[in-house]
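First comes the structure, then the notes that go with it.
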Amino acid sequence: MLIFPAIDLRFGQVVRLSEGDYDRMTVYEADPLAAARSYREAGAKWLHAVDLDAAKDGDQQNFNRIARLARESGLRLEVGGGARSEESARRYLDAGVSRVILGTAAVEQPELMERLAALYPGKIAAGVDARDGFVAIHGWRTVTDLNAYDFVRSLPDRGVDTVIYTDISRDGMLSGPNFEAYERLTAVKGLKIVASGGVSTLDDVKRLAKMGLYAAIIGKAIYAGSIDLKQAIQAAGEAAA
């Protein structure tokens, strides 16, 4: 299992939200590139980056910083936030981003997701953010009546091969992942599952790896010092072997 360290950007800085609440934000690093380079030195191969301003308002306000991360970090980059049109998704890919995550657009414009997945095989992922089992959109502020598990099951038929599944109640809380949800999701054929939200110990990492997940995202636990990234990468590889 891969480990994706996370960088969430707001006003150009590395931040974390608690349970997706923009009013409960902690700033951890003023220089995203410095953080990314430290992750590469720890052994990371990928970086998970989210433009929180774009997720909230739809405008790719942190685009230049993300483009610089893609050019200079030495990491493969997957990016979420603000990709709500073919043009905005292509802009990320043209800047060197390896994978673009569609969240709100995947729900509100499924035909766009299918078209992009066909145009850019392996480069389009769905970001499914769940609150109490239902999909949330618009920076987690709007909870739909769409069952999250049913939506995930539909993705392979739409040409999408990767999903980043976040349990919002666990995100930024260091309370452990929703293992039951990931156990269920691993049964979906033809889909790479990325766990996001609550990963806070090496035991969490090992348990997810043993489930056969493709990757796990770690954010706040790295900043808070409860997980050493290098040790997490090693643990993920050993547990999955």
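Chain lettering (A, B, ...) mirrors the order of the structure tokens, residue numbering begins at 1 for each chain separately, and ligand numbering begins at 1 in order of display.
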9 Å contact set for Ala195 of chain A, only C-alpha atoms, chain neighbours under 2 positions out, as a VMD selection string: chain A and resid 163 to 167 177 to 178 182 193 197 199 208 213 to 218
Could you give me, as a PyMOL selection string, the residues within 7 Å of Thr144 of chain A, counting only C-alpha atoms and dropping anything in the same chain fewer than 5 positions from it? chain A and resi 134-136
Restricting it to N, CA, C and O atoms, dump the selection as a compact mmCIF listing (two decimals), in the first residue's frame.
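As a result, again.txt now contains:
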```
# COMPACT_ATOMS: atom_id res chain seq x y z
N PHE A 134 -23.58 9.53 3.38
CA PHE A 134 -24.08 10.24 2.21
C PHE A 134 -23.01 11.18 1.67
O PHE A 134 -22.21 11.73 2.43
N VAL A 135 -23.02 11.37 0.36
CA VAL A 135 -21.99 12.17 -0.30
C VAL A 135 -22.19 13.65 0.00
O VAL A 135 -23.30 14.19 -0.12
N ALA A 136 -21.08 14.29 0.37
CA ALA A 136 -21.08 15.74 0.60
C ALA A 136 -20.29 16.42 -0.50
O ALA A 136 -19.28 15.90 -0.99
```
Using the chain letters and numbers from this document, which residues of segment 39-140 of chain A does DSSP assign to strand (DSSP E or B), as a PyMOL selection string? chain A and resi 46-51+76-80+99-102+124-131+134-137
Shell of 12 Å around Leu119 of chain A, only C-alpha atoms, local chain residues under 6 positions omitted, as a ChimeraX atom specification: /A:86,89-90,93,112-113,159-160
Could you turn the residues from that selection into a file that holds all heavy atoms, as a PDB file, in the first residue's frame?
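The result, written out as result-v3.pdb:
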```pdb
ATOM      1  N   GLU A  86     -13.883  20.641 -17.987  1.00  0.00           N
ATOM      2  CA  GLU A  86     -12.806  20.004 -18.751  1.00  0.00           C
ATOM      3  C   GLU A  86     -11.584  20.910 -18.801  1.00  0.00           C
ATOM      4  O   GLU A  86     -10.437  20.454 -18.686  1.00  0.00           O
ATOM      5  CB  GLU A  86     -13.302  19.690 -20.161  1.00  0.00           C
ATOM      6  CG  GLU A  86     -12.319  18.877 -20.993  1.00  0.00           C
ATOM      7  CD  GLU A  86     -12.922  18.403 -22.303  1.00  0.00           C
ATOM      8  OE1 GLU A  86     -14.151  18.182 -22.365  1.00  0.00           O
ATOM      9  OE2 GLU A  86     -12.149  18.251 -23.267  1.00  0.00           O
ATOM     10  N   ALA A  89      -9.651  20.825 -15.392  1.00  0.00           N
ATOM     11  CA  ALA A  89      -8.945  19.556 -15.216  1.00  0.00           C
ATOM     12  C   ALA A  89      -7.723  19.497 -16.129  1.00  0.00           C
ATOM     13  O   ALA A  89      -6.626  19.094 -15.704  1.00  0.00           O
ATOM     14  CB  ALA A  89      -9.878  18.393 -15.501  1.00  0.00           C
ATOM     15  N   ARG A  90      -7.904  19.906 -17.384  1.00  0.00           N
ATOM     16  CA  ARG A  90      -6.786  19.896 -18.334  1.00  0.00           C
ATOM     17  C   ARG A  90      -5.682  20.846 -17.884  1.00  0.00           C
ATOM     18  O   ARG A  90      -4.494  20.570 -18.058  1.00  0.00           O
ATOM     19  CB  ARG A  90      -7.275  20.279 -19.727  1.00  0.00           C
ATOM     20  CG  ARG A  90      -6.192  20.124 -20.808  1.00  0.00           C
ATOM     21  CD  ARG A  90      -6.619  20.674 -22.151  1.00  0.00           C
ATOM     22  NE  ARG A  90      -7.879  20.090 -22.601  1.00  0.00           N
ATOM     23  CZ  ARG A  90      -8.997  20.778 -22.755  1.00  0.00           C
ATOM     24  NH1 ARG A  90      -9.031  22.075 -22.474  1.00  0.00           N
ATOM     25  NH2 ARG A  90     -10.082  20.186 -23.179  1.00  0.00           N
ATOM     26  N   LEU A  93      -3.524  18.973 -15.484  1.00  0.00           N
ATOM     27  CA  LEU A  93      -2.739  17.940 -16.153  1.00  0.00           C
ATOM     28  C   LEU A  93      -1.635  18.554 -17.004  1.00  0.00           C
ATOM     29  O   LEU A  93      -0.500  18.052 -17.022  1.00  0.00           O
ATOM     30  CB  LEU A  93      -3.656  17.062 -17.005  1.00  0.00           C
ATOM     31  CG  LEU A  93      -4.666  16.212 -16.208  1.00  0.00           C
ATOM     32  CD1 LEU A  93      -5.686  15.575 -17.138  1.00  0.00           C
ATOM     33  CD2 LEU A  93      -3.952  15.142 -15.395  1.00  0.00           C
ATOM     34  N   LEU A 112     -19.317  14.727 -17.346  1.00  0.00           N
ATOM     35  CA  LEU A 112     -17.981  15.318 -17.430  1.00  0.00           C
ATOM     36  C   LEU A 112     -16.952  14.328 -16.897  1.00  0.00           C
ATOM     37  O   LEU A 112     -15.883  14.139 -17.509  1.00  0.00           O
ATOM     38  CB  LEU A 112     -17.927  16.616 -16.619  1.00  0.00           C
ATOM     39  CG  LEU A 112     -16.532  17.229 -16.433  1.00  0.00           C
ATOM     40  CD1 LEU A 112     -15.964  17.692 -17.770  1.00  0.00           C
ATOM     41  CD2 LEU A 112     -16.580  18.391 -15.430  1.00  0.00           C
ATOM     42  N   MET A 113     -17.235  13.694 -15.781  1.00  0.00           N
ATOM     43  CA  MET A 113     -16.314  12.704 -15.228  1.00  0.00           C
ATOM     44  C   MET A 113     -16.061  11.581 -16.224  1.00  0.00           C
ATOM     45  O   MET A 113     -14.907  11.162 -16.437  1.00  0.00           O
ATOM     46  CB  MET A 113     -16.880  12.147 -13.925  1.00  0.00           C
ATOM     47  CG  MET A 113     -16.026  11.068 -13.287  1.00  0.00           C
ATOM     48  SD  MET A 113     -16.701  10.471 -11.706  1.00  0.00           S
ATOM     49  CE  MET A 113     -18.246   9.710 -12.267  1.00  0.00           C
ATOM     50  N   GLY A 159     -15.767   4.389 -16.107  1.00  0.00           N
ATOM     51  CA  GLY A 159     -14.389   4.546 -16.582  1.00  0.00           C
ATOM     52  C   GLY A 159     -13.414   5.055 -15.550  1.00  0.00           C
ATOM     53  O   GLY A 159     -12.246   5.306 -15.868  1.00  0.00           O
ATOM     54  N   VAL A 160     -13.861   5.211 -14.300  1.00  0.00           N
ATOM     55  CA  VAL A 160     -12.991   5.730 -13.244  1.00  0.00           C
ATOM     56  C   VAL A 160     -12.372   4.554 -12.487  1.00  0.00           C
ATOM     57  O   VAL A 160     -13.084   3.646 -12.052  1.00  0.00           O
ATOM     58  CB  VAL A 160     -13.783   6.627 -12.277  1.00  0.00           C
ATOM     59  CG1 VAL A 160     -12.925   7.071 -11.110  1.00  0.00           C
ATOM     60  CG2 VAL A 160     -14.348   7.829 -13.021  1.00  0.00           C
TER      61      VAL A 160
END
```
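Atom CA of Arg76 of chain A is positioned 16.7 Å from atom CA of Lys192 of chain A.
Taking only C-alpha atoms, the non-local environment of Gly43 of chain A within 12 Å (same-chain residues fewer than 2 positions away omitted) comprises Leu2, Ile3, Phe4, Pro5, Ala36, Arg37, Ser38, Tyr39, Arg40, Glu41, Lys45, Trp46, Leu47, Gly74, Leu75, Asp228, Leu229, Lys230, Gln231, Ala232, Ile233, Gln234 and Gly237 of chain A.
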Using only C-alpha atoms, which residue out of A:Asp59, A:Asp94, A:Asp157, A:Asp204 lies closest to Ala239 of chain A?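 Checking each of A:Asp59, A:Asp94, A:Asp157, A:Asp204 against Ala239 of chain A, counting only C-alpha atoms, the winner is A:Asp204.
Distance annotation: of A:Val194, A:Ala236, A:Leu116, A:Ile66, the residue with the minimal separation from Asp31 of chain A is A:Ile66; atom set is only C-alpha atoms.
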I need the residue nearest Trp140 of chain A from this list: A:Leu33, A:Met211, A:Val15, A:Ala55. Use only C-alpha atoms for the distance. A:Ala55
Among the residues of segment 31-190 of chain A, find those DSSP assigns to helix (DSSP H, G or I) from the backbone and print them as a ChimeraX atom specification. /A:32-41,52-57,63-72,86-94,104-108,110-119,148-154,156-158,168-170,179-185
Considering only C-alpha atoms, return as a ChimeraX atom specification whatever protein or nucleic-acid residues lie within 6 Å of Glu78 of chain A, sequence-local ones (same chain, fewer than 3 positions apart) excluded. /A:48,98-100
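Going from atom CA of Val188 of chain A over to atom CA of Leu77 of chain A, you cover 24.7 Å.
One distance worth recording is that between atom CA of Gly127 of chain A and atom CA of Ala42 of chain A, which is 25.9 Å.
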When you count only C-alpha atoms, which of these residues is closest to Leu155 of chain A: A:Glu114, A:Gly12, A:Ile168, A:Val143?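 Closest to Leu155 of chain A of all the choices is A:Glu114.
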Restricting the calculation to only C-alpha atoms, which member of A:Met1, A:Leu9, A:Ala221, A:Leu102 is positioned closest to Thr162 of chain A?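 Closest candidate: A:Leu102.
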Minimum-distance residue to Gln61 of chain A, chosen among A:Gln13, A:Thr142, A:Ser169, A:Gln109 (using only C-alpha atoms):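 Using only C-alpha atoms, the shortest distance to Gln61 of chain A belongs to A:Gln13.
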I want to know what sits within 8 Å of Arg71 of chain A, based on only C-alpha atoms, with residues of the same chain fewer than 4 positions away left out; could you give that as a PyMOL selection string? chain A and resi 67+95-96
Write out the residues from the selection above, keeping N, CA, C and O atoms, as a PDB file, in the first residue's frame.
```
ATOM      1  N   ALA A  67       1.124  24.068  -9.404  1.00  0.00           N
ATOM      2  CA  ALA A  67       1.976  23.847 -10.568  1.00  0.00           C
ATOM      3  C   ALA A  67       3.448  23.773 -10.161  1.00  0.00           C
ATOM      4  O   ALA A  67       4.216  22.951 -10.687  1.00  0.00           O
ATOM      5  N   ALA A  95      -0.093  21.157 -16.358  1.00  0.00           N
ATOM      6  CA  ALA A  95       0.921  21.697 -15.440  1.00  0.00           C
ATOM      7  C   ALA A  95       1.800  20.604 -14.840  1.00  0.00           C
ATOM      8  O   ALA A  95       2.727  20.911 -14.083  1.00  0.00           O
ATOM      9  N   GLY A  96       1.498  19.340 -15.176  1.00  0.00           N
ATOM     10  CA  GLY A  96       2.328  18.252 -14.678  1.00  0.00           C
ATOM     11  C   GLY A  96       1.713  17.414 -13.581  1.00  0.00           C
ATOM     12  O   GLY A  96       2.362  16.511 -13.050  1.00  0.00           O
TER      13      GLY A  96
END
```
